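See below for the structure under consideration.
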Amino acid sequence: MTRLVTFADGTTVPALGQGTWEMGDDPAWRDEEQQALARGIDLGLTLIDTAELYGDGRSERLVGEVIAGRRDEVFLVSKVRPDNASEMKMMLACEKSLERLGTDRLDLYLLHWEGHVPLEETVEAFRELVDEGMIARWGVSNLDLRAMERLMEIEGGEDCAVNQLLYNLGSRGVEFDLLPWMQARDMPMMAYSPLGRGELLEQPLIRDIANRHSADPAQVALAAVLRHDGVIAIPKAGSVEHVEANADALEIQFDLEDIERLDAAFPPPTRETPLDII
Ligand code: NDP
């Protein structure tokens, strides 16, 4: 089953994509990682998330090899490091990312987190890259509600397409205020570490609900974040077996009992909490 999420500009992407942090680091896993990413694209997980930071460019290189000859099939997302997010440095950083990825454009370019460069300057640098045709749109990552409100005050800040945030069953703070705020603006949220870096999959309740649905624990963890409107999940899978399991996450239909048990074990927030980040 494919579900689409729509950006404010009308562009649609699959709700389930692929993360790539820590991919491309070990030559012994390279073939398997390439096969996993390629299989994911075949299965419709065509949004691929990477960053210049990951393995100091090794993740982008691996992605570049996988998408060679099939660039148009994917929605390519990369991220600029905060220290490169200035008008002086961003264009070069983006050019290097494009080179490693073997492409001439990104579909989405994100500020990885807010550093010392003022957001005003970062927005201006993003606008220049859009004007140059190097990126189709831009967004942010790891910005809390107050930072998003500041961003909206900046000229051009409302063009921010997404906020990529830590979001999984064990980390639901964004459901209290940030997610509804984004939903009200048709700004999708990209949920990073949606499997809790794999740790959630050992939780007895998640395993129990998976058994009840003859499903995989990863599918339960992904379905739990994807049941919210405007959420895109980007699990990282290093094997074909794992990506195939993840691709079926949308087949699970939770009933009321599942939701109640999940909420009891992983309570939704009842008050504002500081943003969780990795
Ligand atoms: P995830 O929550 O996606 O978990 C990845 C772990 O889960 C890996 O150990 C993987 O193992 C395992 N896994 C994946 N699928 C399955 C499966 N079906 N069954 C069992 N285990 C499975 O963690 P990430 O932190 O990697 O988050 C996802 C992506 O989000 C990153 O790769 C990155 O692109 C992005 N991200 C962004 C951040 C930001 O600051 N903006 C911060 C962190 C992540 P295996 O590799 O063996 O398949």
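Here, A, B, ... name the chains of the structure tokens in the order displayed, residue numbers run from 1 inside each chain, and ligands are numbered from 1 in the same displayed order.
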
Go through chain A and flag each residue having an atom no more than 6 Å from ligand 1; for those, report the closest pair of atoms plus their distance in Å to one decimal, using only C-alpha atoms and all ligand atoms, ordered by chain and rising number, as CSV.
residue,atom,partner,partner_atom_place_in_ligand_line,distance
A:Gly19,CA,ligand 1,34 (O),3.3
A:Thr20,CA,ligand 1,32 (O),4.0
A:Trp21,CA,ligand 1,32 (O),3.7
A:Asp49,CA,ligand 1,34 (O),4.8
A:Thr50,CA,ligand 1,34 (O),5.2
A:His112,CA,ligand 1,41 (N),5.6
A:Ser141,CA,ligand 1,41 (N),5.3
A:Gln164,CA,ligand 1,41 (N),5.6
A:Tyr192,CA,ligand 1,30 (O),3.8
A:Ser193,CA,ligand 1,2 (O),3.1
A:Pro194,CA,ligand 1,2 (O),4.2
A:Leu195,CA,ligand 1,2 (O),3.3
A:Gly196,CA,ligand 1,2 (O),4.2
A:Arg197,CA,ligand 1,4 (O),3.3
A:Gly198,CA,ligand 1,7 (O),3.6
A:Ala218,CA,ligand 1,18 (N),4.9
A:Ile234,CA,ligand 1,29 (C),5.2
A:Pro235,CA,ligand 1,3 (O),3.4
A:Lys236,CA,ligand 1,3 (O),4.0
A:Ala237,CA,ligand 1,48 (O),3.5
A:Gly238,CA,ligand 1,46 (O),3.6
A:Ser239,CA,ligand 1,48 (O),5.1
A:His242,CA,ligand 1,18 (N),3.7
A:Val243,CA,ligand 1,18 (N),6.0
A:Ala245,CA,ligand 1,18 (N),4.9
A:Asn246,CA,ligand 1,18 (N),5.1
A:Ile278,CA,ligand 1,42 (C),5.5

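Residues in contact range of segment 103-108 of chain A, defined as at most 8 Å between only C-alpha atoms, with sequence neighbours fewer than 6 positions away removed, read Gly64, Arg71, Phe75, Leu76, Val77, Ser78, Gly133, Met134, Ile135, Ala136, Arg137, Trp138 and Gly139 of chain A.
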
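The environment of segment 249-261 of chain A within 10 Å, counting only C-alpha atoms and disregarding residues fewer than 5 places along the same chain, consists of Met1, Thr2, Arg3, Ala15, Leu16, Leu205, Ile206, Asp208, Ile209, Ala210, Arg212, His213, Ser214, Ala215, Asp216, Pro217, Ala218, Gln219, Val220, Ala221, Leu222, Ala223, Ala224, Leu226, Arg227, Glu244, Phe266 and Pro267 of chain A.
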
Store the residues of this selection in a file with N, CA and C atoms, as a PDB file, in the first residue's frame.
ATOM      1  N   MET A   1       0.858  -1.199   0.000  1.00  0.00           N
ATOM      2  CA  MET A   1       0.000   0.000   0.000  1.00  0.00           C
ATOM      3  C   MET A   1       0.893   1.248   0.000  1.00  0.00           C
ATOM      4  N   THR A   2       0.589   2.186  -0.875  1.00  0.00           N
ATOM      5  CA  THR A   2       1.368   3.434  -0.886  1.00  0.00           C
ATOM      6  C   THR A   2       0.495   4.553  -0.338  1.00  0.00           C
ATOM      7  N   ARG A   3       1.070   5.341   0.561  1.00  0.00           N
ATOM      8  CA  ARG A   3       0.349   6.532   1.000  1.00  0.00           C
ATOM      9  C   ARG A   3       1.208   7.731   0.647  1.00  0.00           C
ATOM     10  N   ALA A  15       4.772   8.440   1.960  1.00  0.00           N
ATOM     11  CA  ALA A  15       4.869   8.633   3.415  1.00  0.00           C
ATOM     12  C   ALA A  15       6.006   7.808   4.005  1.00  0.00           C
ATOM     13  N   LEU A  16       6.409   6.779   3.296  1.00  0.00           N
ATOM     14  CA  LEU A  16       7.486   5.927   3.786  1.00  0.00           C
ATOM     15  C   LEU A  16       8.690   6.075   2.857  1.00  0.00           C
ATOM     16  N   LEU A 205       5.595  -5.132  24.214  1.00  0.00           N
ATOM     17  CA  LEU A 205       4.272  -4.774  23.695  1.00  0.00           C
ATOM     18  C   LEU A 205       4.290  -4.662  22.165  1.00  0.00           C
ATOM     19  N   ILE A 206       5.340  -4.090  21.649  1.00  0.00           N
ATOM     20  CA  ILE A 206       5.411  -3.948  20.190  1.00  0.00           C
ATOM     21  C   ILE A 206       5.494  -5.339  19.546  1.00  0.00           C
ATOM     22  N   ASP A 208       4.260  -8.033  20.842  1.00  0.00           N
ATOM     23  CA  ASP A 208       2.956  -8.663  21.044  1.00  0.00           C
ATOM     24  C   ASP A 208       1.934  -8.180  19.993  1.00  0.00           C
ATOM     25  N   ILE A 209       1.925  -6.869  19.771  1.00  0.00           N
ATOM     26  CA  ILE A 209       0.980  -6.332  18.772  1.00  0.00           C
ATOM     27  C   ILE A 209       1.366  -6.829  17.371  1.00  0.00           C
ATOM     28  N   ALA A 210       2.663  -6.930  17.135  1.00  0.00           N
ATOM     29  CA  ALA A 210       3.112  -7.468  15.843  1.00  0.00           C
ATOM     30  C   ALA A 210       2.598  -8.899  15.676  1.00  0.00           C
ATOM     31  N   ARG A 212       0.040 -10.263  16.999  1.00  0.00           N
ATOM     32  CA  ARG A 212      -1.417 -10.224  16.845  1.00  0.00           C
ATOM     33  C   ARG A 212      -1.815  -9.956  15.395  1.00  0.00           C
ATOM     34  N   HIS A 213      -0.979  -9.176  14.709  1.00  0.00           N
ATOM     35  CA  HIS A 213      -1.283  -8.828  13.311  1.00  0.00           C
ATOM     36  C   HIS A 213      -0.481  -9.686  12.335  1.00  0.00           C
ATOM     37  N   SER A 214       0.180 -10.728  12.835  1.00  0.00           N
ATOM     38  CA  SER A 214       1.099 -11.531  12.013  1.00  0.00           C
ATOM     39  C   SER A 214       2.041 -10.605  11.252  1.00  0.00           C
ATOM     40  N   ALA A 215       2.574  -9.643  11.976  1.00  0.00           N
ATOM     41  CA  ALA A 215       3.413  -8.615  11.351  1.00  0.00           C
ATOM     42  C   ALA A 215       4.784  -8.594  12.021  1.00  0.00           C
ATOM     43  N   ASP A 216       5.598  -7.658  11.565  1.00  0.00           N
ATOM     44  CA  ASP A 216       6.950  -7.509  12.053  1.00  0.00           C
ATOM     45  C   ASP A 216       6.961  -6.334  13.053  1.00  0.00           C
ATOM     46  N   PRO A 217       7.742  -6.396  14.133  1.00  0.00           N
ATOM     47  CA  PRO A 217       7.761  -5.265  15.078  1.00  0.00           C
ATOM     48  C   PRO A 217       8.092  -3.928  14.407  1.00  0.00           C
ATOM     49  N   ALA A 218       8.945  -3.950  13.395  1.00  0.00           N
ATOM     50  CA  ALA A 218       9.286  -2.692  12.714  1.00  0.00           C
ATOM     51  C   ALA A 218       8.045  -2.089  12.048  1.00  0.00           C
ATOM     52  N   GLN A 219       7.180  -2.959  11.538  1.00  0.00           N
ATOM     53  CA  GLN A 219       5.959  -2.463  10.889  1.00  0.00           C
ATOM     54  C   GLN A 219       5.047  -1.778  11.907  1.00  0.00           C
ATOM     55  N   VAL A 220       5.009  -2.332  13.124  1.00  0.00           N
ATOM     56  CA  VAL A 220       4.175  -1.723  14.173  1.00  0.00           C
ATOM     57  C   VAL A 220       4.730  -0.339  14.534  1.00  0.00           C
ATOM     58  N   ALA A 221       6.046  -0.269  14.720  1.00  0.00           N
ATOM     59  CA  ALA A 221       6.659   1.029  15.091  1.00  0.00           C
ATOM     60  C   ALA A 221       6.432   2.066  13.992  1.00  0.00           C
ATOM     61  N   LEU A 222       6.535   1.651  12.745  1.00  0.00           N
ATOM     62  CA  LEU A 222       6.343   2.604  11.637  1.00  0.00           C
ATOM     63  C   LEU A 222       4.871   3.000  11.502  1.00  0.00           C
ATOM     64  N   ALA A 223       3.987   2.015  11.604  1.00  0.00           N
ATOM     65  CA  ALA A 223       2.548   2.318  11.475  1.00  0.00           C
ATOM     66  C   ALA A 223       2.112   3.293  12.566  1.00  0.00           C
ATOM     67  N   ALA A 224       2.758   3.208  13.741  1.00  0.00           N
ATOM     68  CA  ALA A 224       2.372   4.087  14.851  1.00  0.00           C
ATOM     69  C   ALA A 224       2.679   5.547  14.549  1.00  0.00           C
ATOM     70  N   LEU A 226       3.060   6.693  11.332  1.00  0.00           N
ATOM     71  CA  LEU A 226       2.421   7.047  10.055  1.00  0.00           C
ATOM     72  C   LEU A 226       0.908   7.213  10.175  1.00  0.00           C
ATOM     73  N   ARG A 227       0.335   6.860  11.351  1.00  0.00           N
ATOM     74  CA  ARG A 227      -1.125   7.050  11.462  1.00  0.00           C
ATOM     75  C   ARG A 227      -1.475   8.520  11.656  1.00  0.00           C
ATOM     76  N   GLU A 244      12.204  -4.817   2.968  1.00  0.00           N
ATOM     77  CA  GLU A 244      10.953  -5.454   2.510  1.00  0.00           C
ATOM     78  C   GLU A 244       9.926  -5.461   3.647  1.00  0.00           C
ATOM     79  N   PHE A 266       3.372   3.785  25.868  1.00  0.00           N
ATOM     80  CA  PHE A 266       4.150   4.928  25.342  1.00  0.00           C
ATOM     81  C   PHE A 266       3.229   6.148  25.374  1.00  0.00           C
ATOM     82  N   PRO A 267       3.039   6.736  26.560  1.00  0.00           N
ATOM     83  CA  PRO A 267       1.983   7.756  26.686  1.00  0.00           C
ATOM     84  C   PRO A 267       2.222   8.978  25.801  1.00  0.00           C
TER      85      PRO A 267
END

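Between atom CA of Phe7 of chain A and atom CA of Asp229 of chain A lies a distance of 12.0 Å.
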
One-decimal distance in Å that lies between atom CA of Phe176 of chain A and atom CA of Ala51 of chain A: 27.9 Å

May I have all residues of segment 78-219 of chain A that DSSP, computed from the backbone, assigns to strand (DSSP E or B), given as a VMD selection string? chain A and resid 78 to 80 106 108 to 111 135 138 to 141 163 to 166 168 171 189 to 192

So which bits of segment 149-234 of chain A end up alpha helix (DSSP H) when you DSSP the backbone, as a PyMOL selection string? chain A and resi 149-153+178-184+204-212+217-226
